[in-house]
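J.: If you scroll down you'll find the structure; I have some questions about it.
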Amino acid sequence: MEVASLVLPVFAIIVTGWLAGELRYLSRSLADALVHFAYNVAMPALLIVTIAQEPARNLLEWRFLLAFGGGSLICFALVFLPVRTGGKHDLASSTIHGMAAAMTNTGFVALPILHAIYGQPAVLPAAVATVFVAAVMFPITVILLEKRDSRGRSALSTGLAKQILLNPMVLSTFIGLAWAIAGLPIPAPVAAYLNMIAAALTPCALFAIGLGLSVEGLRSNLKASFALAAVKLVVMPLIVYGLCVVMGLNPLYTVAAVVCAAVPTAKTVYVLAHEHKVEEKLVAATVSITTMLSVATLLIALYLLSGPASGAG
């Protein structure tokens, strides 16, 4: 019951957003503005104020990175290789299939959920997972999608590197890291300012997820989307949890890794699919299905792991 009382209000915000859009109380187009604010303003504020105040020795937990990152790459391979060798899908299509099952929405779902339930101690691992998605999974996707066009590869590499480094999540993480390594305290007014902005992340991000959720997106590619959702919401968290156990990760970081693995498919995958005109309907359906089903799978994961985590906190 304690887990439900913590988690259900978080998902109630998503449902509230969905109802607001479904009943046309608010325009679904407002979801984009909320996402932009959360992504470009509130989330960087939270990452900076959290990481900058963390002792430098605690900043790099390689076991967490290997557990979450390794699980992500394993799940990508589990989908990409069979789809590619099946002979029915080209490289771009196979890549989108793989990333729909492996690229996770850490920034807009996992990070707000972990922050809401476990507070700032859980923000750091969520930030690491978010940077991994932005700095590893995203470039892999772009490189594989662009491989069919060998022209302008140098310009592509330069543009990709710039896009990664200027990503708000990556940039704010680096700012926080530099501040923490310098060992300087954040002035009280600056910390208060950042915390006030950061407090808007959870409601804005989760409400926007619900507001942008469309039932129409479920009507196509249902069979394939449910298969990808099963990998995303069941197989990936189990693999990540197994890696956490093997590496002896502490309870809070284990919960953070599993939650980051168990959240829905990142909307970034749809953006890339739309830009390259590859499997757009499949990704849209997968994002919608994983968003809806993750309510149940996350509740189960948090219930099973909450005891050790709360004890560690």
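Chain labels follow the order of the structure tokens: the first chain is A, the next B, and so on; residue numbering restarts at 1 in every chain, and ligands are counted from 1 in their shown order.
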Write out as a Markdown table a residue-level contact list of region 34-69 of chain A versus region 192-204 of chain A with cut-off 8 Å: for each qualifying residue the closest pair of atoms and the distance in Å to one decimal, counting only C-alpha atoms, rows sorted by chain and residue number upward.
T.:
| residue | atom | partner | partner_atom | distance |
| --- | --- | --- | --- | --- |
| A:Leu34 | CA | A:Cys204 | CA | 5.8 |
| A:Val35 | CA | A:Cys204 | CA | 7.2 |
| A:Phe37 | CA | A:Cys204 | CA | 7.9 |
| A:Ala38 | CA | A:Leu201 | CA | 5.4 |
| A:Val41 | CA | A:Ile197 | CA | 7.5 |
| A:Ala42 | CA | A:Ala198 | CA | 4.7 |
| A:Met43 | CA | A:Leu201 | CA | 6.0 |
| A:Pro44 | CA | A:Ala198 | CA | 7.9 |
| A:Ala45 | CA | A:Leu194 | CA | 5.2 |
| A:Leu46 | CA | A:Ala198 | CA | 4.7 |
| A:Val49 | CA | A:Leu194 | CA | 6.3 |
J.: From a DSSP calculation on the backbone, collect every residue of region 37-269 of chain A in alpha helix (DSSP H) and output the set as a ChimeraX atom specification.
T.: /A:37,43-52,62-85,91-102,111-118,123-132,138-146,153-165,168-182,188-198,201-211,222-230,236-247,251-262,267-269
J.: I want to know what sits within 6 Å of region 221-230 of chain A, based on only C-alpha atoms, with residues of the same chain fewer than 4 positions away left out; could you give that as a PyMOL selection string?
T.: chain A and resi 101+234+282+286+290
J.: Kindly indicate which residue among A:Val278, A:Val263, A:Gly176, A:Ile14 lies nearest to Leu145 (chain A), using only C-alpha atoms for the distances.
T.: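 Nearest to Leu145 (chain A): A:Val278.
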J.: Give me the residues within 9 Å of Gly183 (chain A) as a ChimeraX atom specification, counting only C-alpha atoms and dropping any in the same chain fewer than 3 places off.
T.: /A:52-53,55-56,178-180
J.: Show which residues sit within 8 Å of Val142 (chain A), as a VMD selection string. Count only C-alpha atoms, and ignore same-chain residues fewer than 4 positions away.
T.: chain A and resid 138 146 272
J.: Could you check the closest approach to Ser29 (chain A) for each of A:Tyr303, A:Gly212, A:Thr265, A:Val259 and tell me which residue wins, using only C-alpha atoms?
T.: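 Closest residue, counting only C-alpha atoms: A:Gly212.
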J.: Using only C-alpha atoms, can you tell me which of A:Ser288, A:Thr104, A:Ser306, A:Ser172 comes closest to Ile117 (chain A)?
T.: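 When distances to Ile117 (chain A) are compared using only C-alpha atoms, the smallest one comes from A:Ser306.
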J.: How many Å separate CA of Arg28 (chain A) from CA of Leu211 (chain A)?
T.: 5.7 Å
J.: Using only C-alpha atoms, determine which residues lie at most 6 Å from region 70-81 of chain A, disregarding the query and same-chain residues fewer than 6 positions distant; provide the list as a PyMOL selection string.
T.: chain A and resi 94+98-99+102+239-240
